[in-house]
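Structure file my_file_6.cif with mmCIF, C-alpha atoms and all ligand atoms:
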```cif
data_target
#
loop_
_atom_site.group_PDB
_atom_site.id
_atom_site.type_symbol
_atom_site.label_atom_id
_atom_site.label_comp_id
_atom_site.auth_asym_id
_atom_site.auth_seq_id
_atom_site.Cartn_x
_atom_site.Cartn_y
_atom_site.Cartn_z
ATOM 1 C CA MET J 1098 5.834 3.305 35.968
ATOM 2 C CA VAL J 1099 3.985 0.212 34.659
ATOM 3 C CA LYS J 1100 6.086 -1.916 32.264
ATOM 4 C CA ALA J 1101 5.041 -1.602 28.591
ATOM 5 C CA ARG J 1102 2.858 -4.502 27.491
ATOM 6 C CA LYS J 1103 3.702 -5.701 24.026
ATOM 7 C CA ARG J 1104 0.373 -7.438 23.531
ATOM 8 C CA PHE J 1105 -1.396 -4.079 23.893
ATOM 9 C CA GLY J 1106 0.959 -2.423 21.390
ATOM 10 C CA GLN J 1107 2.313 -0.057 24.036
ATOM 11 C CA ASN J 1108 4.832 2.397 22.585
ATOM 12 C CA PHE J 1109 4.485 5.496 24.713
ATOM 13 C CA LEU J 1110 5.202 8.937 23.323
ATOM 14 C CA LYS J 1111 8.059 10.672 25.130
ATOM 15 C CA ASP J 1112 9.000 13.496 22.732
ATOM 16 C CA LYS J 1113 7.382 16.662 24.103
ATOM 17 C CA ASN J 1114 7.720 18.515 20.768
ATOM 18 C CA ILE J 1115 5.892 15.741 18.934
ATOM 19 C CA ILE J 1116 3.161 15.633 21.592
ATOM 20 C CA GLU J 1117 2.761 19.393 21.262
ATOM 21 C CA ARG J 1118 2.620 19.142 17.473
ATOM 22 C CA ILE J 1119 -0.014 16.399 17.619
ATOM 23 C CA VAL J 1120 -2.256 18.449 19.896
ATOM 24 C CA ARG J 1121 -1.763 21.564 17.761
ATOM 25 C CA THR J 1122 -2.736 19.516 14.687
ATOM 26 C CA ILE J 1123 -5.872 18.212 16.400
ATOM 27 C CA ASP J 1124 -6.605 21.748 17.638
ATOM 28 C CA PRO J 1125 -9.224 20.849 20.279
ATOM 29 C CA LYS J 1126 -11.602 23.631 21.326
ATOM 30 C CA PRO J 1127 -13.596 24.239 24.517
ATOM 31 C CA GLY J 1128 -16.976 22.524 24.266
ATOM 32 C CA GLU J 1129 -15.924 20.032 21.566
ATOM 33 C CA HIS J 1130 -16.389 16.367 22.389
ATOM 34 C CA LEU J 1131 -13.276 14.231 21.907
ATOM 35 C CA ILE J 1132 -12.719 10.527 22.431
ATOM 36 C CA GLU J 1133 -9.167 9.298 22.867
ATOM 37 C CA ILE J 1134 -8.427 5.640 22.207
ATOM 38 C CA GLY J 1135 -5.544 4.219 24.267
ATOM 39 C CA PRO J 1136 -4.519 7.144 26.505
ATOM 40 C CA GLY J 1137 -1.747 5.070 28.138
ATOM 41 C CA HIS J 1138 0.078 7.271 30.656
ATOM 42 C CA GLY J 1139 -1.753 10.321 29.346
ATOM 43 C CA ALA J 1140 0.910 11.900 27.127
ATOM 44 C CA ILE J 1141 -1.723 13.344 24.779
ATOM 45 C CA THR J 1142 -4.597 13.234 27.276
ATOM 46 C CA ASP J 1143 -3.059 15.796 29.647
ATOM 47 C CA ARG J 1144 -2.667 18.314 26.845
ATOM 48 C CA LEU J 1145 -6.139 17.668 25.433
ATOM 49 C CA LEU J 1146 -7.693 18.296 28.854
ATOM 50 C CA LYS J 1147 -5.941 21.659 29.098
ATOM 51 C CA SER J 1148 -7.804 22.809 25.964
ATOM 52 C CA GLY J 1149 -11.145 22.741 27.802
ATOM 53 C CA CYS J 1150 -12.714 20.147 25.475
ATOM 54 C CA ASP J 1151 -15.005 17.395 26.794
ATOM 55 C CA LEU J 1152 -12.960 14.218 26.786
ATOM 56 C CA ASP J 1153 -13.735 10.508 27.193
ATOM 57 C CA VAL J 1154 -10.947 7.937 26.973
ATOM 58 C CA ILE J 1155 -11.017 4.205 26.227
ATOM 59 C CA GLU J 1156 -8.187 2.117 27.700
ATOM 60 C CA ILE J 1157 -7.903 -1.681 27.753
ATOM 61 C CA ASP J 1158 -5.062 -1.917 30.276
ATOM 62 C CA ARG J 1159 -6.426 -2.056 33.813
ATOM 63 C CA ASP J 1160 -3.228 -0.774 35.456
ATOM 64 C CA LEU J 1161 -2.983 2.209 33.124
ATOM 65 C CA ALA J 1162 -6.685 2.995 33.608
ATOM 66 C CA PHE J 1163 -6.118 2.878 37.379
ATOM 67 C CA SER J 1164 -3.192 5.313 37.389
ATOM 68 C CA LEU J 1165 -5.000 7.614 34.989
ATOM 69 C CA ARG J 1166 -7.968 7.661 37.386
ATOM 70 C CA VAL J 1167 -5.671 8.719 40.211
ATOM 71 C CA LYS J 1168 -4.192 11.491 38.057
ATOM 72 C CA HIS J 1169 -7.510 12.690 36.604
ATOM 73 C CA PRO J 1170 -10.353 11.791 39.001
ATOM 74 C CA ASP J 1171 -12.947 13.643 36.886
ATOM 75 C CA LEU J 1172 -12.002 12.094 33.561
ATOM 76 C CA ASN J 1173 -14.460 9.576 32.089
ATOM 77 C CA ILE J 1174 -12.285 6.482 31.595
ATOM 78 C CA ILE J 1175 -13.989 3.622 29.772
ATOM 79 C CA GLU J 1176 -11.978 0.545 30.724
ATOM 80 C CA SER J 1177 -12.597 -1.649 27.706
ATOM 81 C CA ASP J 1178 -11.334 -3.155 24.489
ATOM 82 C CA VAL J 1179 -12.343 -0.571 21.890
ATOM 83 C CA LEU J 1180 -12.901 -3.383 19.380
ATOM 84 C CA LYS J 1181 -15.564 -4.895 21.644
ATOM 85 C CA LEU J 1182 -17.230 -1.646 22.644
ATOM 86 C CA ASP J 1183 -20.703 -1.075 21.205
ATOM 87 C CA LEU J 1184 -19.975 2.077 19.220
ATOM 88 C CA SER J 1185 -23.681 2.647 18.572
ATOM 89 C CA THR J 1186 -23.842 3.813 22.195
ATOM 90 C CA LEU J 1187 -21.650 6.793 21.286
ATOM 91 C CA PRO J 1188 -23.395 9.973 22.355
ATOM 92 C CA LYS J 1189 -25.732 11.341 19.668
ATOM 93 C CA GLY J 1190 -26.203 14.996 18.891
ATOM 94 C CA LYS J 1191 -22.870 16.761 18.905
ATOM 95 C CA LYS J 1192 -20.399 15.047 16.552
ATOM 96 C CA ILE J 1193 -17.360 13.566 18.209
ATOM 97 C CA ARG J 1194 -13.715 13.887 17.279
ATOM 98 C CA VAL J 1195 -11.750 10.656 17.661
ATOM 99 C CA VAL J 1196 -8.017 10.671 18.371
ATOM 100 C CA GLY J 1197 -5.322 8.238 19.450
ATOM 101 C CA ASN J 1198 -1.812 6.930 19.205
ATOM 102 C CA LEU J 1199 -3.137 3.549 18.216
ATOM 103 C CA PRO J 1200 -1.712 0.144 18.953
ATOM 104 C CA TYR J 1201 -0.675 -0.902 15.463
ATOM 105 C CA ASN J 1202 -2.148 -4.401 15.686
ATOM 106 C CA ILE J 1203 -5.730 -3.102 15.950
ATOM 107 C CA SER J 1204 -5.562 -0.121 13.600
ATOM 108 C CA THR J 1205 -7.132 -1.636 10.470
ATOM 109 C CA PRO J 1206 -10.037 -3.467 12.183
ATOM 110 C CA LEU J 1207 -10.678 -0.352 14.285
ATOM 111 C CA LEU J 1208 -10.809 1.899 11.205
ATOM 112 C CA PHE J 1209 -13.328 -0.430 9.567
ATOM 113 C CA ARG J 1210 -15.491 -0.357 12.714
ATOM 114 C CA LEU J 1211 -15.329 3.437 12.900
ATOM 115 C CA PHE J 1212 -16.279 3.717 9.216
ATOM 116 C CA GLU J 1213 -19.688 2.308 10.210
ATOM 117 C CA HIS J 1214 -20.323 5.207 12.601
ATOM 118 C CA LEU J 1215 -19.239 8.204 10.570
ATOM 119 C CA ASP J 1216 -22.581 9.987 10.931
ATOM 120 C CA ASP J 1217 -21.562 10.651 14.546
ATOM 121 C CA ILE J 1218 -17.932 11.564 13.824
ATOM 122 C CA GLU J 1219 -16.552 14.987 12.884
ATOM 123 C CA ASP J 1220 -12.997 13.840 12.189
ATOM 124 C CA MET J 1221 -10.276 11.429 13.350
ATOM 125 C CA HIS J 1222 -6.563 11.905 14.031
ATOM 126 C CA PHE J 1223 -4.488 8.787 14.523
ATOM 127 C CA MET J 1224 -0.849 7.862 14.908
ATOM 128 C CA LEU J 1225 -0.323 4.789 12.748
ATOM 129 C CA GLN J 1226 2.540 2.941 11.143
ATOM 130 C CA LEU J 1227 3.758 5.090 8.253
ATOM 131 C CA GLU J 1228 3.215 2.120 5.945
ATOM 132 C CA VAL J 1229 -0.495 2.057 6.834
ATOM 133 C CA VAL J 1230 -0.806 5.835 6.403
ATOM 134 C CA ASN J 1231 0.807 5.497 2.970
ATOM 135 C CA ARG J 1232 -1.776 2.861 2.049
ATOM 136 C CA LEU J 1233 -4.651 4.986 3.345
ATOM 137 C CA THR J 1234 -3.579 8.038 1.358
ATOM 138 C CA ALA J 1235 -2.354 6.280 -1.802
ATOM 139 C CA THR J 1236 -3.728 7.240 -5.205
ATOM 140 C CA HIS J 1237 -4.256 4.736 -7.997
ATOM 141 C CA SER J 1238 -1.360 3.422 -10.086
ATOM 142 C CA THR J 1239 1.069 3.564 -7.139
ATOM 143 C CA SER J 1240 2.556 0.596 -5.271
ATOM 144 C CA ASP J 1241 0.848 1.457 -1.932
ATOM 145 C CA TYR J 1242 -2.595 1.565 -3.544
ATOM 146 C CA GLY J 1243 -4.920 -1.302 -2.662
ATOM 147 C CA ARG J 1244 -8.018 -2.470 -0.815
ATOM 148 C CA LEU J 1245 -7.408 -0.253 2.245
ATOM 149 C CA SER J 1246 -6.908 2.863 0.072
ATOM 150 C CA ILE J 1247 -10.161 2.307 -1.793
ATOM 151 C CA MET J 1248 -12.221 1.335 1.251
ATOM 152 C CA SER J 1249 -11.008 4.371 3.219
ATOM 153 C CA GLN J 1250 -11.489 6.732 0.260
ATOM 154 C CA ILE J 1251 -15.087 5.715 -0.063
ATOM 155 C CA TYR J 1252 -15.698 6.975 3.486
ATOM 156 C CA CYS J 1253 -13.104 9.661 4.184
ATOM 157 C CA GLU J 1254 -10.530 12.065 2.905
ATOM 158 C CA SER J 1255 -7.163 10.994 4.347
ATOM 159 C CA GLN J 1256 -4.228 13.321 4.901
ATOM 160 C CA ASN J 1257 -0.710 12.480 6.080
ATOM 161 C CA MET J 1258 -0.045 15.339 8.529
ATOM 162 C CA PHE J 1259 3.555 14.491 9.505
ATOM 163 C CA THR J 1260 5.860 11.554 10.174
ATOM 164 C CA VAL J 1261 7.185 10.552 13.583
ATOM 165 C CA PRO J 1262 10.519 8.704 14.044
ATOM 166 C CA PRO J 1263 10.962 5.650 16.332
ATOM 167 C CA GLU J 1264 13.045 7.630 18.874
ATOM 168 C CA SER J 1265 9.963 9.663 19.847
ATOM 169 C CA PHE J 1266 8.601 6.603 21.691
ATOM 170 C CA THR J 1267 9.555 4.354 24.539
ATOM 171 C CA PRO J 1268 10.000 1.503 23.864
ATOM 172 C CA ARG J 1269 11.052 2.318 20.316
ATOM 173 C CA PRO J 1270 8.964 0.708 17.576
ATOM 174 C CA LYS J 1271 10.892 -0.843 14.677
ATOM 175 C CA VAL J 1272 9.141 1.296 12.067
ATOM 176 C CA MET J 1273 8.353 4.923 11.226
ATOM 177 C CA SER J 1274 4.965 6.295 12.234
ATOM 178 C CA ALA J 1275 2.779 9.123 10.969
ATOM 179 C CA ILE J 1276 -0.191 11.185 12.030
ATOM 180 C CA VAL J 1277 -3.138 10.803 9.671
ATOM 181 C CA LYS J 1278 -6.252 12.952 9.611
ATOM 182 C CA LEU J 1279 -9.431 11.302 8.349
ATOM 183 C CA THR J 1280 -12.362 13.561 7.476
ATOM 184 C CA PRO J 1281 -15.635 11.780 6.644
ATOM 185 C CA HIS J 1282 -17.217 12.669 3.312
ATOM 186 C CA ARG J 1283 -20.507 14.365 3.903
ATOM 187 C CA SER J 1284 -22.071 12.806 0.810
ATOM 188 C CA SER J 1285 -23.559 9.465 1.692
ATOM 189 C CA SER J 1286 -22.088 6.109 0.666
ATOM 190 C CA GLU J 1287 -25.286 4.398 1.851
ATOM 191 C CA ASN J 1288 -26.255 3.147 -1.595
ATOM 192 C CA VAL J 1289 -23.053 1.162 -2.019
ATOM 193 C CA ASN J 1290 -23.187 -2.532 -1.150
ATOM 194 C CA MET J 1291 -20.091 -2.571 1.083
ATOM 195 C CA VAL J 1292 -20.032 -6.339 1.543
ATOM 196 C CA GLN J 1293 -20.064 -6.851 -2.202
ATOM 197 C CA LEU J 1294 -17.426 -4.131 -2.698
ATOM 198 C CA GLN J 1295 -15.151 -5.765 -0.098
ATOM 199 C CA THR J 1296 -15.535 -9.134 -1.850
ATOM 200 C CA LEU J 1297 -14.741 -7.546 -5.202
ATOM 201 C CA LEU J 1298 -11.640 -5.774 -3.859
ATOM 202 C CA THR J 1299 -10.344 -8.777 -1.922
ATOM 203 C CA LYS J 1300 -10.598 -10.962 -5.009
ATOM 204 C CA THR J 1301 -9.103 -8.363 -7.332
ATOM 205 C CA PHE J 1302 -6.147 -7.356 -5.164
ATOM 206 C CA SER J 1303 -5.260 -10.965 -4.345
ATOM 207 C CA MET J 1304 -4.278 -11.017 -8.046
ATOM 208 C CA ARG J 1305 -2.827 -7.527 -8.346
ATOM 209 C CA ARG J 1306 -0.188 -8.583 -10.904
ATOM 210 C CA LYS J 1307 -2.834 -9.923 -13.294
ATOM 211 C CA THR J 1308 -4.822 -7.953 -15.832
ATOM 212 C CA ILE J 1309 -8.303 -6.921 -14.721
ATOM 213 C CA ARG J 1310 -9.719 -9.162 -17.425
ATOM 214 C CA ASN J 1311 -8.408 -12.140 -15.382
ATOM 215 C CA ALA J 1312 -8.563 -10.684 -11.863
ATOM 216 C CA LEU J 1313 -12.235 -9.740 -12.257
ATOM 217 C CA LYS J 1314 -13.452 -13.041 -13.730
ATOM 218 C CA GLY J 1315 -16.837 -13.871 -12.219
ATOM 219 C CA PHE J 1316 -17.660 -10.185 -11.708
ATOM 220 C CA ILE J 1317 -17.389 -8.783 -15.195
ATOM 221 C CA THR J 1318 -16.359 -9.995 -18.651
ATOM 222 C CA ALA J 1319 -13.807 -8.354 -20.946
ATOM 223 C CA GLN J 1320 -16.736 -7.091 -23.009
ATOM 224 C CA GLY J 1321 -18.389 -5.668 -19.886
ATOM 225 C CA LEU J 1322 -15.168 -3.843 -19.010
ATOM 226 C CA GLU J 1323 -15.063 -2.285 -22.444
ATOM 227 C CA GLU J 1324 -18.725 -1.288 -22.131
ATOM 228 C CA ILE J 1325 -17.892 0.773 -19.059
ATOM 229 C CA GLY J 1326 -14.834 2.296 -20.715
ATOM 230 C CA LEU J 1327 -12.059 0.211 -19.126
ATOM 231 C CA ASP J 1328 -9.223 -1.472 -20.981
ATOM 232 C CA PRO J 1329 -9.258 -5.172 -19.910
ATOM 233 C CA MET J 1330 -5.435 -5.182 -20.002
ATOM 234 C CA LEU J 1331 -5.144 -2.713 -17.086
ATOM 235 C CA ARG J 1332 -3.987 -3.948 -13.638
ATOM 236 C CA PRO J 1333 -6.119 -3.719 -10.471
ATOM 237 C CA GLU J 1334 -3.989 -0.845 -9.117
ATOM 238 C CA ASN J 1335 -4.730 1.299 -12.201
ATOM 239 C CA LEU J 1336 -8.438 1.606 -11.355
ATOM 240 C CA ASP J 1337 -9.779 4.327 -9.090
ATOM 241 C CA LEU J 1338 -12.729 4.188 -6.699
ATOM 242 C CA LYS J 1339 -15.168 5.337 -9.392
ATOM 243 C CA ASP J 1340 -14.051 2.516 -11.702
ATOM 244 C CA TYR J 1341 -14.654 -0.078 -8.979
ATOM 245 C CA LEU J 1342 -18.099 1.373 -8.248
ATOM 246 C CA ASN J 1343 -18.902 1.183 -11.979
ATOM 247 C CA ILE J 1344 -17.831 -2.481 -12.055
ATOM 248 C CA LEU J 1345 -20.003 -3.181 -9.038
ATOM 249 C CA ALA J 1346 -22.997 -1.392 -10.593
ATOM 250 C CA HIS J 1347 -22.498 -3.370 -13.814
ATOM 251 C CA PHE J 1348 -22.299 -6.647 -11.843
ATOM 252 C CA GLU J 1349 -25.432 -5.821 -9.856
ATOM 253 C CA SER J 1350 -27.419 -4.807 -12.923
ATOM 254 C CA ARG J 1351 -26.483 -8.119 -14.605
ATOM 255 C CA ALA J 1352 -27.432 -10.028 -11.445
ATOM 256 C CA CYS J 1353 -30.866 -8.299 -11.507
ATOM 257 C CA THR J 1354 -31.510 -9.088 -15.166
ATOM 258 C CA THR J 1355 -30.505 -12.747 -14.802
ATOM 259 C CA SER J 1356 -32.429 -13.423 -11.552
HETATM 260 N N1 LIG J 1401 -1.538 7.482 24.092
HETATM 261 C C1 LIG J 1401 -0.373 6.946 24.745
HETATM 262 C C2 LIG J 1401 0.871 7.631 24.229
HETATM 263 O O1 LIG J 1401 0.792 8.235 23.135
HETATM 264 O O2 LIG J 1401 1.909 7.563 24.885
HETATM 265 C C3 LIG J 1401 -0.274 5.418 24.580
HETATM 266 C C4 LIG J 1401 -0.212 4.918 23.160
HETATM 267 S S1 LIG J 1401 0.154 3.193 22.998
HETATM 268 C C5 LIG J 1401 0.786 3.128 21.349
HETATM 269 C C6 LIG J 1401 -1.437 2.426 22.760
HETATM 270 C C7 LIG J 1401 -2.405 2.464 23.919
HETATM 271 O O3 LIG J 1401 -3.611 1.794 23.548
HETATM 272 C C8 LIG J 1401 -1.919 1.759 25.182
HETATM 273 O O4 LIG J 1401 -2.246 2.540 26.302
HETATM 274 C C9 LIG J 1401 -2.693 0.437 25.203
HETATM 275 O O5 LIG J 1401 -2.855 -0.111 26.479
HETATM 276 C C10 LIG J 1401 -4.010 0.871 24.573
HETATM 277 N N2 LIG J 1401 -4.752 -0.224 23.894
HETATM 278 C C11 LIG J 1401 -4.230 -1.300 23.252
HETATM 279 N N3 LIG J 1401 -5.195 -2.066 22.732
HETATM 280 C C12 LIG J 1401 -6.373 -1.452 23.051
HETATM 281 C C13 LIG J 1401 -7.740 -1.780 22.810
HETATM 282 N N4 LIG J 1401 -8.072 -2.867 22.118
HETATM 283 N N5 LIG J 1401 -8.698 -0.965 23.315
HETATM 284 C C14 LIG J 1401 -8.350 0.160 24.024
HETATM 285 N N6 LIG J 1401 -7.071 0.521 24.284
HETATM 286 C C15 LIG J 1401 -6.089 -0.278 23.807
#
```
Representation of the structure as structure tokens:
Amino acid sequence: MVKARKRFGQNFLKDKNIIERIVRTIDPKPGEHLIEIGPGHGAITDRLLKSGCDLDVIEIDRDLAFSLRVKHPDLNIIESDVLKLDLSTLPKGKKIRVVGNLPYNISTPLLFRLFEHLDDIEDMHFMLQLEVVNRLTATHSTSDYGRLSIMSQIYCESQNMFTVPPESFTPRPKVMSAIVKLTPHRSSSENVNMVQLQTLLTKTFSMRRKTIRNALKGFITAQGLEEIGLDPMLRPENLDLKDYLNILAHFESRACTTS
């Protein structure tokens, strides 16, 4: 067996019950098109293939891709860094389901890349650090709530399916993990200026202990906050997605009237 490479975040699943539970949660069906990111030695891959779904896998590690090719000569193995892959070349038509026990160091940038291609995606199931899953699924006014919660909620509904302890992997990670299911909202977020929203959230949550009156300086005044029904003494974590979209709309309407 190839030695685990730390730089590729390789923590291989060894617990058969957990693997079974993951595949049951994904529930792949014959004829569905799945893409697995980081198949590794094929712990999940083997079980997915048995379901009769159409499967493509993306693996960065040349040695792992090689042994997977020997094991599954008919499997389409894309040997590539998923962060560098042109996702617009994903097959059009039938929506894909994306799955993977992700290397933790690429999970957030990967999610943001996938959010740009949701028209082609049915749903996503990922193993992530529990801490990241908690941030994805957090509701406002809780300590895990922040930029990642709001950005993911604008695109998807996120559900923590179950947690997975370190002893289910080899080598053992230092932290707990969890399986998250992300289901894209079917209503469009096309009209939202995502770059502007990201800037707003980055600025606001870099001052999460301050009141929104101070944290949002430059975007909206205390009077503006009151106009849209928000108490300027609230903290950034007390506002939900709708509040942030209202702030953005207010900012943009002011920018239009002053330009
Ligand atoms: N799916 C296997 C399992 O559950 O045992 C392996 C999971 S391991 C946590 C992550 C896998 O993602 C490894 O096979 C690793 O080589 C691969 N990987 C890491 N970075 C990647 C990247 N940027 N693009 C594609 N695959 C990557």
With 4 Å of padding per side, what axis-aligned box (centre and edge lengths, Å, one decimal) covers all the listed atoms of ligand LIG 1401 (chain J)? Give it as lines of an AutoDock Vina configuration file.
```
center_x = -3.4
center_y = 2.7
center_z = 23.9
size_x = 18.6
size_y = 19.1
size_z = 13.1
```
Point-to-point distance from CA of Ile1203 in chain J to CA of Lys1191 in chain J, Å rounded to tenths:
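Between these atoms lies a distance of 26.4 Å.
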Please give me, as a PDB file with C-alpha atoms, keeping the file's coordinate frame, the residues lying within 8 Å of ligand LIG 1401 (chain J) when counting all atoms listed in the file.
```
ATOM      1  CA  ARG J1102       2.858  -4.502  27.491  1.00  0.00           C
ATOM      2  CA  ARG J1104       0.373  -7.438  23.531  1.00  0.00           C
ATOM      3  CA  PHE J1105      -1.396  -4.079  23.893  1.00  0.00           C
ATOM      4  CA  GLY J1106       0.959  -2.423  21.390  1.00  0.00           C
ATOM      5  CA  GLN J1107       2.313  -0.057  24.036  1.00  0.00           C
ATOM      6  CA  ASN J1108       4.832   2.397  22.585  1.00  0.00           C
ATOM      7  CA  PHE J1109       4.485   5.496  24.713  1.00  0.00           C
ATOM      8  CA  LEU J1110       5.202   8.937  23.323  1.00  0.00           C
ATOM      9  CA  LYS J1111       8.059  10.672  25.130  1.00  0.00           C
ATOM     10  CA  ILE J1116       3.161  15.633  21.592  1.00  0.00           C
ATOM     11  CA  GLU J1133      -9.167   9.298  22.867  1.00  0.00           C
ATOM     12  CA  ILE J1134      -8.427   5.640  22.207  1.00  0.00           C
ATOM     13  CA  GLY J1135      -5.544   4.219  24.267  1.00  0.00           C
ATOM     14  CA  PRO J1136      -4.519   7.144  26.505  1.00  0.00           C
ATOM     15  CA  GLY J1137      -1.747   5.070  28.138  1.00  0.00           C
ATOM     16  CA  HIS J1138       0.078   7.271  30.656  1.00  0.00           C
ATOM     17  CA  GLY J1139      -1.753  10.321  29.346  1.00  0.00           C
ATOM     18  CA  ALA J1140       0.910  11.900  27.127  1.00  0.00           C
ATOM     19  CA  ILE J1141      -1.723  13.344  24.779  1.00  0.00           C
ATOM     20  CA  THR J1142      -4.597  13.234  27.276  1.00  0.00           C
ATOM     21  CA  ILE J1155     -11.017   4.205  26.227  1.00  0.00           C
ATOM     22  CA  GLU J1156      -8.187   2.117  27.700  1.00  0.00           C
ATOM     23  CA  ILE J1157      -7.903  -1.681  27.753  1.00  0.00           C
ATOM     24  CA  ASP J1158      -5.062  -1.917  30.276  1.00  0.00           C
ATOM     25  CA  LEU J1161      -2.983   2.209  33.124  1.00  0.00           C
ATOM     26  CA  GLU J1176     -11.978   0.545  30.724  1.00  0.00           C
ATOM     27  CA  SER J1177     -12.597  -1.649  27.706  1.00  0.00           C
ATOM     28  CA  ASP J1178     -11.334  -3.155  24.489  1.00  0.00           C
ATOM     29  CA  VAL J1179     -12.343  -0.571  21.890  1.00  0.00           C
ATOM     30  CA  LEU J1180     -12.901  -3.383  19.380  1.00  0.00           C
ATOM     31  CA  LYS J1181     -15.564  -4.895  21.644  1.00  0.00           C
ATOM     32  CA  GLY J1197      -5.322   8.238  19.450  1.00  0.00           C
ATOM     33  CA  ASN J1198      -1.812   6.930  19.205  1.00  0.00           C
ATOM     34  CA  LEU J1199      -3.137   3.549  18.216  1.00  0.00           C
ATOM     35  CA  PRO J1200      -1.712   0.144  18.953  1.00  0.00           C
ATOM     36  CA  TYR J1201      -0.675  -0.902  15.463  1.00  0.00           C
ATOM     37  CA  ILE J1203      -5.730  -3.102  15.950  1.00  0.00           C
ATOM     38  CA  PHE J1266       8.601   6.603  21.691  1.00  0.00           C
TER      39      PHE J1266
END
```
Taking the file above as input, evaluate the PyMOL selection byres (((chain J and resi 1127) around 9) and not hetatm) and report the hits as a list in words.
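Applying the PyMOL selection byres (((chain J and resi 1127) around 9) and not hetatm) to the structure shown produces Pro1125, Lys1126, Gly1128, Glu1129, His1130, Ser1148, Gly1149, Cys1150 and Asp1151 of chain J.
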Those same residues - C-alpha atoms - I'd like them written as a PDB file, keeping the file's coordinate frame.
```
ATOM      1  CA  PRO J1125      -9.224  20.849  20.279  1.00  0.00           C
ATOM      2  CA  LYS J1126     -11.602  23.631  21.326  1.00  0.00           C
ATOM      3  CA  GLY J1128     -16.976  22.524  24.266  1.00  0.00           C
ATOM      4  CA  GLU J1129     -15.924  20.032  21.566  1.00  0.00           C
ATOM      5  CA  HIS J1130     -16.389  16.367  22.389  1.00  0.00           C
ATOM      6  CA  SER J1148      -7.804  22.809  25.964  1.00  0.00           C
ATOM      7  CA  GLY J1149     -11.145  22.741  27.802  1.00  0.00           C
ATOM      8  CA  CYS J1150     -12.714  20.147  25.475  1.00  0.00           C
ATOM      9  CA  ASP J1151     -15.005  17.395  26.794  1.00  0.00           C
TER      10      ASP J1151
END
```
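Distance-wise, CA of Asp1171 in chain J and CA of Arg1159 in chain J end up 17.3 Å apart.
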Non-local contacts of range 1340-1346 of chain J (10 Å; only C-alpha atoms; under 4 positions in same chain excluded) as a PyMOL selection string:
chain J and resi 1247+1251+1289-1290+1293-1294+1297-1298+1313+1316-1317+1321-1322+1325-1327+1333+1335-1336+1350-1352
Kindly give the distance, in Å, that separates CA of His1347 in chain J and CA of Ser1255 in chain J, rounded to a single decimal.
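Computing the Euclidean distance for CA of His1347 in chain J and CA of Ser1255 in chain J yields 27.8 Å.
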Residue among J:Val1195, J:Ile1119, J:Leu1207, J:Leu1146 lying closest to Ile1132 in chain J, counting only C-alpha atoms:
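That would be J:Val1195, the residue with the smallest distance to Ile1132 in chain J.
Using only C-alpha atoms for every distance, the candidate list J:His1237, J:Lys1271, J:Arg1283, J:Lys1278 yields J:His1237 as the residue closest to Leu1338 in chain J.
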Going by the chain IDs and residue numbers used in this file, which residues fall under the PyMOL selection byres (((chain J and resi 1215-1219) around 6) and not hetatm)? Write them as an MDAnalysis selection string.
chainID J and resid 1192:1194 1212:1214 1220
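Comparing J:Ile1123, J:Leu1211, J:Leu1182, J:Leu1331 by their smallest distance to Lys1307 in chain J, the closest is J:Leu1331 (using only C-alpha atoms).
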I'd like to see the residues matched by the PyMOL selection byres (((chain J and resi 1256) around 9) and not hetatm) on this file, and ideally I'd get them as a list in words.
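This file, filtered by the PyMOL selection byres (((chain J and resi 1256) around 9) and not hetatm), leaves Val1230, Leu1233, Thr1234, Glu1254, Ser1255, Asn1257, Met1258, Ile1276, Val1277, Lys1278, Leu1279 and Thr1280 of chain J.
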List as number ranges by chain the residues having at least one atom at most 9 Å from position (-10.1, 7.6, 35.6) as given in the file, counting all atoms listed in the file.
J: 1154, 1162-1176
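Distance check against Leu1225 in chain J using all atoms listed in the file: of J:Val1272, J:Thr1239, J:Lys1103, J:Ser1249, the minimum falls on J:Val1272.
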Which residue gives the smallest distance to Ser1240 in chain J among J:Asp1337, J:Ala1101, J:Gly1190, J:Arg1305, with only C-alpha atoms counted?
J:Arg1305
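The neighbours of Asp1241 in chain J here are the residues that come within 10 Å of it, using all atoms listed in the file and leaving out any residue fewer than 3 positions away in the same chain; they are Glu1228, Val1229, Val1230, Asn1231, Arg1232, Leu1233, Thr1234, Ala1235, Thr1236, His1237, Ser1238, Arg1244, Leu1245, Ser1246 and Glu1334 of chain J.
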